[in-house]
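Undergrad: Data: query20.cif, mmCIF, C-alpha atoms and all ligand atoms.
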data_structure
#
loop_
_atom_site.group_PDB
_atom_site.id
_atom_site.type_symbol
_atom_site.label_atom_id
_atom_site.label_comp_id
_atom_site.auth_asym_id
_atom_site.auth_seq_id
_atom_site.Cartn_x
_atom_site.Cartn_y
_atom_site.Cartn_z
ATOM 1 C CA MET Z 25 -76.504 88.058 -274.972
ATOM 2 C CA LYS Z 26 -75.979 84.683 -276.577
ATOM 3 C CA LYS Z 27 -77.064 81.676 -274.568
ATOM 4 C CA ARG Z 28 -74.485 78.973 -273.763
ATOM 5 C CA ILE Z 29 -75.553 76.135 -271.510
ATOM 6 C CA LEU Z 30 -73.619 73.854 -269.156
ATOM 7 C CA ILE Z 31 -75.224 70.719 -267.726
ATOM 8 C CA ILE Z 32 -73.392 69.336 -264.703
ATOM 9 C CA GLY Z 33 -74.361 65.712 -264.015
ATOM 10 C CA ALA Z 34 -75.300 65.001 -267.637
ATOM 11 C CA SER Z 35 -74.746 61.245 -267.397
ATOM 12 C CA GLY Z 36 -77.461 60.706 -264.772
ATOM 13 C CA GLN Z 37 -81.132 59.827 -265.237
ATOM 14 C CA ILE Z 38 -82.353 63.421 -265.683
ATOM 15 C CA GLY Z 39 -79.112 64.851 -267.102
ATOM 16 C CA THR Z 40 -79.075 62.449 -270.042
ATOM 17 C CA GLU Z 41 -82.533 63.407 -271.281
ATOM 18 C CA LEU Z 42 -82.081 67.066 -270.414
ATOM 19 C CA SER Z 43 -78.890 67.201 -272.530
ATOM 20 C CA VAL Z 44 -80.642 65.682 -275.528
ATOM 21 C CA ARG Z 45 -83.619 68.052 -275.214
ATOM 22 C CA LEU Z 46 -81.558 71.206 -274.606
ATOM 23 C CA ARG Z 47 -79.433 70.408 -277.653
ATOM 24 C CA SER Z 48 -82.575 70.069 -279.760
ATOM 25 C CA VAL Z 49 -83.920 73.396 -278.453
ATOM 26 C CA TYR Z 50 -80.743 75.521 -278.537
ATOM 27 C CA GLY Z 51 -78.445 73.645 -280.970
ATOM 28 C CA ASN Z 52 -75.697 71.107 -280.261
ATOM 29 C CA TYR Z 53 -72.867 73.623 -280.194
ATOM 30 C CA LYS Z 54 -74.561 75.764 -277.525
ATOM 31 C CA VAL Z 55 -74.864 72.975 -274.954
ATOM 32 C CA ILE Z 56 -71.934 71.470 -273.030
ATOM 33 C CA ALA Z 57 -72.746 68.246 -271.173
ATOM 34 C CA SER Z 58 -70.454 67.303 -268.289
ATOM 35 C CA ASP Z 59 -70.199 64.661 -265.601
ATOM 36 C CA ILE Z 60 -67.599 62.902 -263.466
ATOM 37 C CA ILE Z 61 -68.371 59.712 -265.400
ATOM 38 C CA VAL Z 62 -69.095 59.040 -269.060
ATOM 39 C CA GLY Z 63 -72.737 58.529 -269.961
ATOM 40 C CA ASP Z 64 -75.150 57.144 -272.504
ATOM 41 C CA GLU Z 65 -73.414 56.620 -275.866
ATOM 42 C CA ALA Z 66 -75.967 58.628 -277.849
ATOM 43 C CA MET Z 67 -75.820 61.570 -275.417
ATOM 44 C CA MET Z 68 -71.988 61.555 -275.538
ATOM 45 C CA LYS Z 69 -71.770 61.313 -279.330
ATOM 46 C CA GLU Z 70 -74.377 63.932 -280.197
ATOM 47 C CA GLY Z 71 -72.616 66.999 -278.831
ATOM 48 C CA TYR Z 72 -69.894 68.346 -276.560
ATOM 49 C CA PHE Z 73 -69.096 66.389 -273.423
ATOM 50 C CA GLU Z 74 -66.430 67.046 -270.788
ATOM 51 C CA ILE Z 75 -65.422 65.171 -267.661
ATOM 52 C CA LEU Z 76 -66.077 67.485 -264.684
ATOM 53 C CA ASP Z 77 -66.060 67.076 -260.909
ATOM 54 C CA ALA Z 78 -68.892 69.292 -259.628
ATOM 55 C CA MET Z 79 -67.081 69.693 -256.298
ATOM 56 C CA ASP Z 80 -63.941 71.146 -257.905
ATOM 57 C CA TYR Z 81 -64.539 74.927 -257.900
ATOM 58 C CA GLU Z 82 -61.593 75.736 -260.198
ATOM 59 C CA ALA Z 83 -62.630 73.092 -262.729
ATOM 60 C CA VAL Z 84 -66.242 74.350 -262.758
ATOM 61 C CA GLU Z 85 -65.039 77.940 -263.128
ATOM 62 C CA ASP Z 86 -62.664 76.937 -265.931
ATOM 63 C CA ILE Z 87 -65.310 75.146 -268.018
ATOM 64 C CA ILE Z 88 -67.692 78.099 -267.545
ATOM 65 C CA MET Z 89 -65.154 80.731 -268.555
ATOM 66 C CA ARG Z 90 -63.691 78.729 -271.466
ATOM 67 C CA ASN Z 91 -67.114 78.128 -272.983
ATOM 68 C CA GLU Z 92 -68.666 81.508 -272.118
ATOM 69 C CA ILE Z 93 -71.483 79.742 -270.301
ATOM 70 C CA THR Z 94 -74.573 81.777 -269.410
ATOM 71 C CA ASP Z 95 -76.909 79.123 -267.939
ATOM 72 C CA VAL Z 96 -75.999 76.216 -265.653
ATOM 73 C CA TYR Z 97 -78.205 73.198 -264.921
ATOM 74 C CA LEU Z 98 -76.711 71.535 -261.833
ATOM 75 C CA MET Z 99 -78.051 67.975 -261.887
ATOM 76 C CA ALA Z 100 -75.281 66.212 -259.924
ATOM 77 C CA ALA Z 101 -76.528 64.833 -256.593
ATOM 78 C CA MET Z 102 -76.537 61.784 -254.364
ATOM 79 C CA LEU Z 103 -80.118 60.507 -253.996
ATOM 80 C CA SER Z 104 -82.042 59.413 -250.918
ATOM 81 C CA ALA Z 105 -81.217 55.708 -250.509
ATOM 82 C CA THR Z 106 -77.465 56.030 -251.215
ATOM 83 C CA ALA Z 107 -77.254 59.169 -249.082
ATOM 84 C CA GLU Z 108 -78.481 57.184 -246.028
ATOM 85 C CA LYS Z 109 -75.459 54.908 -246.508
ATOM 86 C CA PHE Z 110 -72.905 57.692 -247.086
ATOM 87 C CA PRO Z 111 -74.203 60.743 -245.178
ATOM 88 C CA MET Z 112 -71.042 62.846 -245.294
ATOM 89 C CA LYS Z 113 -70.317 62.077 -248.947
ATOM 90 C CA ALA Z 114 -73.896 63.017 -249.800
ATOM 91 C CA TRP Z 115 -73.729 66.237 -247.820
ATOM 92 C CA ASN Z 116 -70.397 67.220 -249.386
ATOM 93 C CA LEU Z 117 -71.521 66.513 -252.947
ATOM 94 C CA ASN Z 118 -75.010 67.988 -252.649
ATOM 95 C CA MET Z 119 -73.911 71.164 -250.847
ATOM 96 C CA ASN Z 120 -70.459 71.905 -252.300
ATOM 97 C CA SER Z 121 -71.587 71.519 -255.900
ATOM 98 C CA LEU Z 122 -74.413 73.971 -255.194
ATOM 99 C CA PHE Z 123 -72.125 76.502 -253.484
ATOM 100 C CA ASN Z 124 -69.686 76.328 -256.400
ATOM 101 C CA VAL Z 125 -72.380 77.288 -258.876
ATOM 102 C CA LEU Z 126 -74.096 79.848 -256.610
ATOM 103 C CA ASN Z 127 -70.774 81.577 -255.937
ATOM 104 C CA LEU Z 128 -69.878 81.725 -259.635
ATOM 105 C CA ALA Z 129 -73.299 83.270 -260.286
ATOM 106 C CA LYS Z 130 -72.752 85.729 -257.419
ATOM 107 C CA GLU Z 131 -69.473 86.771 -259.079
ATOM 108 C CA GLY Z 132 -71.392 87.452 -262.292
ATOM 109 C CA LYS Z 133 -69.721 84.595 -264.215
ATOM 110 C CA ILE Z 134 -73.078 83.002 -265.078
ATOM 111 C CA GLU Z 135 -76.520 84.531 -265.542
ATOM 112 C CA LYS Z 136 -78.994 81.838 -264.604
ATOM 113 C CA VAL Z 137 -78.954 78.643 -262.551
ATOM 114 C CA PHE Z 138 -81.264 75.632 -262.416
ATOM 115 C CA TRP Z 139 -80.957 73.447 -259.333
ATOM 116 C CA PRO Z 140 -83.311 70.559 -258.586
ATOM 117 C CA SER Z 141 -84.885 70.105 -255.187
ATOM 118 C CA SER Z 142 -87.146 67.178 -254.281
ATOM 119 C CA ILE Z 143 -90.284 66.064 -252.433
ATOM 120 C CA ALA Z 144 -87.679 64.802 -249.928
ATOM 121 C CA VAL Z 145 -87.607 68.295 -248.366
ATOM 122 C CA PHE Z 146 -90.823 67.241 -246.616
ATOM 123 C CA GLY Z 147 -90.824 64.916 -243.618
ATOM 124 C CA PRO Z 148 -93.039 62.842 -241.364
ATOM 125 C CA THR Z 149 -94.655 65.917 -239.764
ATOM 126 C CA THR Z 150 -95.708 67.419 -243.133
ATOM 127 C CA PRO Z 151 -99.375 67.029 -244.211
ATOM 128 C CA THR Z 152 -99.186 64.104 -246.645
ATOM 129 C CA ILE Z 153 -102.147 64.747 -248.948
ATOM 130 C CA LYS Z 154 -101.913 67.659 -251.406
ATOM 131 C CA THR Z 155 -98.890 68.961 -249.526
ATOM 132 C CA PRO Z 156 -98.913 72.750 -249.928
ATOM 133 C CA GLN Z 157 -96.001 74.819 -251.195
ATOM 134 C CA LYS Z 158 -95.463 76.144 -247.684
ATOM 135 C CA ALA Z 159 -95.771 73.381 -245.111
ATOM 136 C CA ILE Z 160 -93.928 72.060 -242.093
ATOM 137 C CA MET Z 161 -90.558 70.857 -243.373
ATOM 138 C CA GLU Z 162 -88.759 68.529 -241.014
ATOM 139 C CA PRO Z 163 -87.017 66.091 -243.391
ATOM 140 C CA SER Z 164 -85.730 62.935 -241.717
ATOM 141 C CA THR Z 165 -83.305 61.820 -244.451
ATOM 142 C CA VAL Z 166 -79.779 63.007 -245.264
ATOM 143 C CA TYR Z 167 -80.862 63.739 -248.828
ATOM 144 C CA GLY Z 168 -83.922 65.689 -247.648
ATOM 145 C CA ILE Z 169 -81.852 67.721 -245.197
ATOM 146 C CA SER Z 170 -79.384 68.606 -247.983
ATOM 147 C CA LYS Z 171 -82.181 69.618 -250.358
ATOM 148 C CA GLN Z 172 -83.975 71.704 -247.741
ATOM 149 C CA THR Z 173 -80.727 73.451 -246.803
ATOM 150 C CA GLY Z 174 -80.011 73.979 -250.503
ATOM 151 C CA GLU Z 175 -83.388 75.651 -250.930
ATOM 152 C CA ARG Z 176 -82.643 78.070 -248.088
ATOM 153 C CA TRP Z 177 -79.298 78.972 -249.691
ATOM 154 C CA CYS Z 178 -80.890 79.457 -253.114
ATOM 155 C CA GLU Z 179 -83.375 81.921 -251.680
ATOM 156 C CA TYR Z 180 -80.597 83.645 -249.728
ATOM 157 C CA TYR Z 181 -78.423 84.083 -252.840
ATOM 158 C CA TYR Z 182 -81.395 85.490 -254.739
ATOM 159 C CA ASN Z 183 -82.393 87.913 -251.957
ATOM 160 C CA ASN Z 184 -78.897 89.081 -251.056
ATOM 161 C CA TYR Z 185 -76.896 88.805 -254.274
ATOM 162 C CA GLY Z 186 -79.589 88.836 -256.977
ATOM 163 C CA VAL Z 187 -78.626 85.374 -258.267
ATOM 164 C CA ASP Z 188 -81.255 84.258 -260.802
ATOM 165 C CA ILE Z 189 -81.813 80.790 -259.372
ATOM 166 C CA ARG Z 190 -84.752 78.626 -260.430
ATOM 167 C CA SER Z 191 -85.724 75.354 -258.827
ATOM 168 C CA ILE Z 192 -88.427 72.699 -258.690
ATOM 169 C CA ARG Z 193 -89.112 69.910 -256.213
ATOM 170 C CA TYR Z 194 -89.041 66.808 -258.412
ATOM 171 C CA PRO Z 195 -91.231 63.881 -257.478
ATOM 172 C CA GLY Z 196 -90.075 60.342 -258.414
ATOM 173 C CA LEU Z 197 -89.121 60.349 -262.105
ATOM 174 C CA ILE Z 198 -89.751 57.521 -264.556
ATOM 175 C CA SER Z 199 -87.900 57.100 -267.842
ATOM 176 C CA TYR Z 200 -86.589 54.341 -270.114
ATOM 177 C CA THR Z 201 -83.333 55.874 -271.391
ATOM 178 C CA THR Z 202 -81.116 55.859 -268.308
ATOM 179 C CA ILE Z 203 -81.562 53.812 -265.141
ATOM 180 C CA PRO Z 204 -81.739 55.949 -261.994
ATOM 181 C CA GLY Z 205 -79.310 55.261 -259.186
ATOM 182 C CA GLY Z 206 -79.750 55.347 -255.443
ATOM 183 C CA GLY Z 207 -83.264 56.758 -255.103
ATOM 184 C CA THR Z 208 -86.294 55.500 -253.180
ATOM 185 C CA THR Z 209 -88.683 56.036 -256.093
ATOM 186 C CA ASP Z 210 -86.403 53.972 -258.397
ATOM 187 C CA TYR Z 211 -88.659 50.925 -257.966
ATOM 188 C CA ALA Z 212 -91.078 52.568 -260.418
ATOM 189 C CA VAL Z 213 -88.423 52.282 -263.152
ATOM 190 C CA ASP Z 214 -86.982 48.908 -262.157
ATOM 191 C CA ILE Z 215 -90.434 47.327 -262.149
ATOM 192 C CA PHE Z 216 -90.724 47.812 -265.941
ATOM 193 C CA HIS Z 217 -87.332 46.225 -266.641
ATOM 194 C CA LYS Z 218 -88.140 43.210 -264.424
ATOM 195 C CA ALA Z 219 -91.691 42.884 -265.782
ATOM 196 C CA LEU Z 220 -90.368 42.570 -269.326
ATOM 197 C CA LYS Z 221 -87.396 40.381 -268.432
ATOM 198 C CA HIS Z 222 -88.776 38.053 -265.747
ATOM 199 C CA GLY Z 223 -92.542 38.670 -265.626
ATOM 200 C CA LYS Z 224 -92.298 39.395 -261.907
ATOM 201 C CA TYR Z 225 -90.979 41.970 -259.478
ATOM 202 C CA ILE Z 226 -90.164 42.058 -255.768
ATOM 203 C CA SER Z 227 -90.957 45.562 -254.518
ATOM 204 C CA PHE Z 228 -88.833 47.086 -251.760
ATOM 205 C CA LEU Z 229 -91.826 49.262 -250.819
ATOM 206 C CA ASN Z 230 -95.109 47.809 -249.602
ATOM 207 C CA ALA Z 231 -98.229 47.655 -251.781
ATOM 208 C CA GLU Z 232 -99.916 50.775 -250.390
ATOM 209 C CA THR Z 233 -96.941 53.187 -250.409
ATOM 210 C CA THR Z 234 -98.328 56.048 -252.476
ATOM 211 C CA LEU Z 235 -95.780 58.605 -253.702
ATOM 212 C CA PRO Z 236 -95.833 61.583 -256.103
ATOM 213 C CA MET Z 237 -94.402 60.533 -259.479
ATOM 214 C CA MET Z 238 -93.858 61.980 -262.963
ATOM 215 C CA TYR Z 239 -92.931 60.787 -266.444
ATOM 216 C CA MET Z 240 -89.544 62.167 -267.497
ATOM 217 C CA ASP Z 241 -90.874 64.167 -270.468
ATOM 218 C CA ASP Z 242 -93.029 66.191 -268.083
ATOM 219 C CA ALA Z 243 -90.046 66.796 -265.786
ATOM 220 C CA ILE Z 244 -87.899 67.981 -268.705
ATOM 221 C CA ASN Z 245 -90.714 70.279 -269.885
ATOM 222 C CA ALA Z 246 -90.971 71.742 -266.383
ATOM 223 C CA THR Z 247 -87.202 72.225 -266.135
ATOM 224 C CA ILE Z 248 -86.915 74.031 -269.450
ATOM 225 C CA GLY Z 249 -90.214 75.837 -268.800
ATOM 226 C CA ILE Z 250 -89.099 77.409 -265.529
ATOM 227 C CA MET Z 251 -85.749 78.425 -267.065
ATOM 228 C CA LYS Z 252 -87.485 80.103 -270.019
ATOM 229 C CA ALA Z 253 -90.078 81.921 -267.884
ATOM 230 C CA PRO Z 254 -89.742 85.714 -267.499
ATOM 231 C CA LYS Z 255 -87.682 86.589 -264.423
ATOM 232 C CA ASP Z 256 -90.556 88.457 -262.768
ATOM 233 C CA SER Z 257 -92.873 85.458 -262.948
ATOM 234 C CA ILE Z 258 -90.601 83.394 -260.690
ATOM 235 C CA ARG Z 259 -91.876 84.514 -257.295
ATOM 236 C CA ILE Z 260 -90.492 81.558 -255.357
ATOM 237 C CA ARG Z 261 -86.712 81.381 -255.235
ATOM 238 C CA SER Z 262 -86.390 78.435 -252.859
ATOM 239 C CA SER Z 263 -88.116 75.752 -254.964
ATOM 240 C CA TYR Z 264 -91.539 75.108 -256.522
ATOM 241 C CA ASN Z 265 -93.803 72.150 -255.702
ATOM 242 C CA LEU Z 266 -94.397 70.157 -258.892
ATOM 243 C CA SER Z 267 -96.920 67.400 -259.462
ATOM 244 C CA ALA Z 268 -98.293 65.089 -262.145
ATOM 245 C CA MET Z 269 -99.590 61.825 -260.643
ATOM 246 C CA SER Z 270 -99.439 59.686 -257.522
ATOM 247 C CA PHE Z 271 -99.469 55.884 -257.342
ATOM 248 C CA ASN Z 272 -98.327 52.980 -255.213
ATOM 249 C CA PRO Z 273 -96.605 49.684 -256.182
ATOM 250 C CA LYS Z 274 -99.949 47.853 -256.389
ATOM 251 C CA GLU Z 275 -101.383 50.454 -258.783
ATOM 252 C CA ILE Z 276 -98.365 50.524 -261.112
ATOM 253 C CA ALA Z 277 -98.438 46.708 -261.161
ATOM 254 C CA GLU Z 278 -102.125 46.848 -262.227
ATOM 255 C CA SER Z 279 -101.215 49.261 -264.999
ATOM 256 C CA ILE Z 280 -98.407 46.933 -266.206
ATOM 257 C CA LYS Z 281 -100.792 43.941 -266.126
ATOM 258 C CA LYS Z 282 -102.896 45.620 -268.827
ATOM 259 C CA HIS Z 283 -99.933 44.920 -271.165
ATOM 260 C CA ILE Z 284 -98.397 41.841 -269.494
ATOM 261 C CA PRO Z 285 -101.348 39.976 -267.904
ATOM 262 C CA GLU Z 286 -99.138 37.277 -266.317
ATOM 263 C CA PHE Z 287 -97.016 39.897 -264.448
ATOM 264 C CA GLU Z 288 -96.725 39.246 -260.705
ATOM 265 C CA ILE Z 289 -95.617 41.555 -257.923
ATOM 266 C CA SER Z 290 -94.590 40.624 -254.374
ATOM 267 C CA TYR Z 291 -93.446 42.813 -251.499
ATOM 268 C CA GLU Z 292 -90.314 42.728 -249.339
ATOM 269 C CA PRO Z 293 -89.963 46.213 -247.823
ATOM 270 C CA ASP Z 294 -86.421 47.199 -246.816
ATOM 271 C CA PHE Z 295 -84.816 50.340 -245.297
ATOM 272 C CA ARG Z 296 -86.269 52.442 -248.124
ATOM 273 C CA GLN Z 297 -89.785 51.902 -246.733
ATOM 274 C CA LYS Z 298 -88.978 54.288 -243.873
ATOM 275 C CA ILE Z 299 -87.757 56.929 -246.313
ATOM 276 C CA ALA Z 300 -90.893 56.608 -248.454
ATOM 277 C CA ASP Z 301 -93.143 56.722 -245.372
ATOM 278 C CA SER Z 302 -91.670 60.110 -244.472
ATOM 279 C CA TRP Z 303 -92.620 61.675 -247.831
ATOM 280 C CA PRO Z 304 -95.933 63.154 -249.054
ATOM 281 C CA GLN Z 305 -98.445 61.088 -251.025
ATOM 282 C CA SER Z 306 -99.540 63.950 -253.249
ATOM 283 C CA ILE Z 307 -98.455 67.523 -253.925
ATOM 284 C CA ASP Z 308 -100.282 70.833 -254.436
ATOM 285 C CA ASP Z 309 -98.384 72.573 -257.226
ATOM 286 C CA SER Z 310 -100.775 75.463 -257.881
ATOM 287 C CA ASP Z 311 -98.015 78.073 -257.463
ATOM 288 C CA ALA Z 312 -96.012 76.557 -260.349
ATOM 289 C CA ARG Z 313 -99.177 76.375 -262.482
ATOM 290 C CA ASN Z 314 -100.141 79.984 -261.715
ATOM 291 C CA ASP Z 315 -96.706 81.640 -261.774
ATOM 292 C CA TRP Z 316 -95.029 80.158 -264.843
ATOM 293 C CA GLY Z 317 -97.727 78.112 -266.538
ATOM 294 C CA TRP Z 318 -96.660 74.577 -265.569
ATOM 295 C CA LYS Z 319 -98.941 71.767 -266.701
ATOM 296 C CA HIS Z 320 -98.312 68.056 -266.925
ATOM 297 C CA SER Z 321 -99.278 65.749 -269.789
ATOM 298 C CA TYR Z 322 -98.793 62.108 -268.776
ATOM 299 C CA SER Z 323 -100.981 59.837 -266.629
ATOM 300 C CA LEU Z 324 -99.945 56.484 -265.137
ATOM 301 C CA ASP Z 325 -101.441 54.418 -267.987
ATOM 302 C CA GLU Z 326 -99.983 56.661 -270.704
ATOM 303 C CA MET Z 327 -96.568 56.424 -269.099
ATOM 304 C CA THR Z 328 -96.826 52.630 -268.709
ATOM 305 C CA LYS Z 329 -97.610 52.237 -272.406
ATOM 306 C CA ILE Z 330 -94.602 54.360 -273.421
ATOM 307 C CA MET Z 331 -92.256 52.580 -271.003
ATOM 308 C CA ILE Z 332 -93.255 49.115 -272.179
ATOM 309 C CA GLU Z 333 -93.180 49.965 -275.878
ATOM 310 C CA ASN Z 334 -89.725 51.535 -275.638
ATOM 311 C CA LEU Z 335 -88.110 49.022 -273.306
ATOM 312 C CA LYS Z 336 -89.296 46.195 -275.569
ATOM 313 C CA LYS Z 337 -87.192 47.718 -278.352
HETATM 314 C C1 LIG Z 401 -85.240 59.733 -254.652
HETATM 315 O O1 LIG Z 401 -86.024 58.770 -254.606
HETATM 316 O O2 LIG Z 401 -84.302 59.902 -253.867
HETATM 317 C C2 LIG Z 401 -85.462 60.787 -255.715
HETATM 318 C C3 LIG Z 401 -86.300 61.920 -255.239
HETATM 319 C C4 LIG Z 401 -87.705 61.729 -254.892
HETATM 320 O O3 LIG Z 401 -85.816 63.014 -255.160
HETATM 321 N N1 LIG Z 401 -86.057 60.198 -256.876
#
Now, as a test, write the supplied structure out as structure tokens.
TA:
Amino acid sequence: MKKRILIIGASGQIGTELSVRLRSVYGNYKVIASDIIVGDEAMMKEGYFEILDAMDYEAVEDIIMRNEITDVYLMAAMLSATAEKFPMKAWNLNMNSLFNVLNLAKEGKIEKVFWPSSIAVFGPTTPTIKTPQKAIMEPSTVYGISKQTGERWCEYYYNNYGVDIRSIRYPGLISYTTIPGGGTTDYAVDIFHKALKHGKYISFLNAETTLPMMYMDDAINATIGIMKAPKDSIRIRSSYNLSAMSFNPKEIAESIKKHIPEFEISYEPDFRQKIADSWPQSIDDSDARNDWGWKHSYSLDEMTKIMIENLKK
């Protein structure tokens, strides 16, 4: 069967880079990028792009049938900080978009689904260091509740309807192409822009707030890696823990100072501090490594170098 891919949420931070990479792997004409808003000029120009509302079942069905889509990457979501401000909007977007795709897969209209979960599925009662795949999950954020619920539904659709759903729990993601929107880990992207522009940054998280993080290339490799893995190797159908590095605002500032010695950071924690405090500091991702061969490539200093070099351009 020929592969035809649909990315929903292609204009976002992950969707933009995923579209570019999937087009380079499978060919431009096999990948349809879609979003409710237009995106990065290069991503839009390079291949097919359609405006699509992920919550509109008929529209999602139509684009899938018209393009004979086999694989869907559902990247549309409202992230943690924005979701605290608009709980019902976040719930509706995060859940309805998932049900639309799961139901189309249940009806046999698509073969394979990728849906991202997050470290936000964990909460204040979860062990924070090397958080295991299976741990207490009592998320205290709207976003976390939606992702945890989504995971339960993914597993249910796999167990009861045989839907080939694959998912990973992304940590905070850092990239230079597209600015993230509405997340708690977004400071780790913003800090590079402000360091280069103003030589200083006011962090909305305190100095010692350690969180799991990952350079975007690693996240894209993981996403495509889990989708390419043989069906039998995917033992977990809720979502896999995934890890690369952990750092706090003070540590990323130190890494930036190696390139911009005069860089200064100060701290003014806001409502996002509480969200960050409820999340793990580091993640045990041995199931992903053992089951489908996940491995990361980038460390904090390697990522810093790439971010600074590219943002300078
Ligand atoms: C957020 O900060 O909301 C996201 C996430 C960790 O899923 N980046």
Undergrad: The PyMOL selection byres (((not hetatm)) within 9 of (chain Z and resi 401)) - which residues does that actually catch in the file I just gave you? List them as a PyMOL selection string.
TA: chain Z and resi 102-107+140-145+167-168+171+193-198+204-211+235-237+299-300+303
Undergrad: Specify as a list in words each residue included when the PyMOL selection byres (((chain Z and resi 333) around 12) and not hetatm) is applied to this file.
TA: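 With the PyMOL selection byres (((chain Z and resi 333) around 12) and not hetatm) on this model, the match is Ser199, Tyr200, Phe216, His217, Leu220, Ile280, His283, Ile284, Glu326, Met327, Thr328, Lys329, Ile330, Met331, Ile332, Asn334, Leu335, Lys336 and Lys337 of chain Z.
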Undergrad: I'd like the residues picked by the PyMOL selection byres (((chain Z and resi 134) around 12) and not hetatm) written out as a ChimeraX atom specification, using the chain letters and numbers from the file.
TA: /Z:25-30,84-85,87-89,91-97,124-133,135-138,186-189
Undergrad: Pick from Z:Pro111, Z:Gly223, Z:Pro285, Z:Pro273: nearest to Ser170 of chain Z, with only C-alpha atoms counted?
TA: Z:Pro111
Undergrad: Choose the residue, out of Z:Met161, Z:Thr40, Z:Ile31, Z:Asn183, that has the smallest atom-to-atom separation from Val55 of chain Z; count all atoms listed in the file.
TA: Z:Ile31
Undergrad: Give as a PyMOL selection string the set of residues within 7 Å of the point (-86.2, 80.2, -257.0), where distances use the file's coordinates and all atoms listed in the file.
TA: chain Z and resi 178-179+189-191+258+260-263
Undergrad: Residues at most 7 Å from segment 246-251 of chain Z, counting only C-alpha atoms, excluding those fewer than 2 positions away in the same chain, as a list of chain:residue names?
TA: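 The neighbour list is Z:Arg190, Z:Asp242, Z:Ala243, Z:Ile244, Z:Ala253, Z:Trp316, Z:Trp318.
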Undergrad: Would you mind listing what lies within 8 Å of Pro148 of chain Z as an MDAnalysis selection string, with all atoms listed in the file counted and same-chain residues fewer than 5 positions away left out?
TA: chainID Z and resid 162:164 301:303
Undergrad: For atom CA of Val213 of chain Z and atom CA of Leu117 of chain Z, quote the distance in Å rounded to one decimal.
TA: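 Separation between atom CA of Val213 of chain Z and atom CA of Leu117 of chain Z: 24.3 Å.
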Undergrad: Choose the residue, out of Z:Ala101, Z:Thr201, Z:Tyr50, Z:Pro156, that has the smallest atom-to-atom separation from Asp64 of chain Z; count all atoms listed in the file.
TA: Z:Thr201
Undergrad: Choose the residue, out of Z:Phe287, Z:Phe271, Z:Tyr239, Z:Phe110, that has the smallest atom-to-atom separation from Gln37 of chain Z; count all atoms listed in the file.
TA: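 Comparing Z:Phe287, Z:Phe271, Z:Tyr239, Z:Phe110 against Gln37 of chain Z, the winner is Z:Tyr239.
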Undergrad: What is the distance, in Å and to one decimal place, between atom CA of Tyr181 of chain Z and atom CA of Ser257 of chain Z?
TA: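 So the two atoms, atom CA of Tyr181 of chain Z and atom CA of Ser257 of chain Z, lie 17.7 Å apart.
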Undergrad: What gap, in Å, lies between atom CA of Lys218 of chain Z and atom CA of Pro304 of chain Z?
TA: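 Going from atom CA of Lys218 of chain Z over to atom CA of Pro304 of chain Z covers 26.4 Å.
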Undergrad: Using all atoms listed in the file, which residue out of Z:Gly63, Z:Tyr291, Z:Phe123, Z:Ser270 lies closest to Gly39 of chain Z?
TA: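 Smallest separation from Gly39 of chain Z among the options: Z:Gly63.
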Undergrad: Can you pull out every residue within 10 Å of segment 70-74 of chain Z, counting all atoms listed in the file, but drop anything in the same chain fewer than 4 positions away, and send it as a list in words?
TA: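 What passes the distance filter is Leu30, Ile31, Ile32, Ala34, Ser35, Ser43, Val44, Arg47, Gly51, Asn52, Tyr53, Lys54, Val55, Ile56, Ala57, Ser58, Asp59, Ile60, Ile61, Val62, Gly63, Glu65, Ala66 and Ile87 of chain Z.
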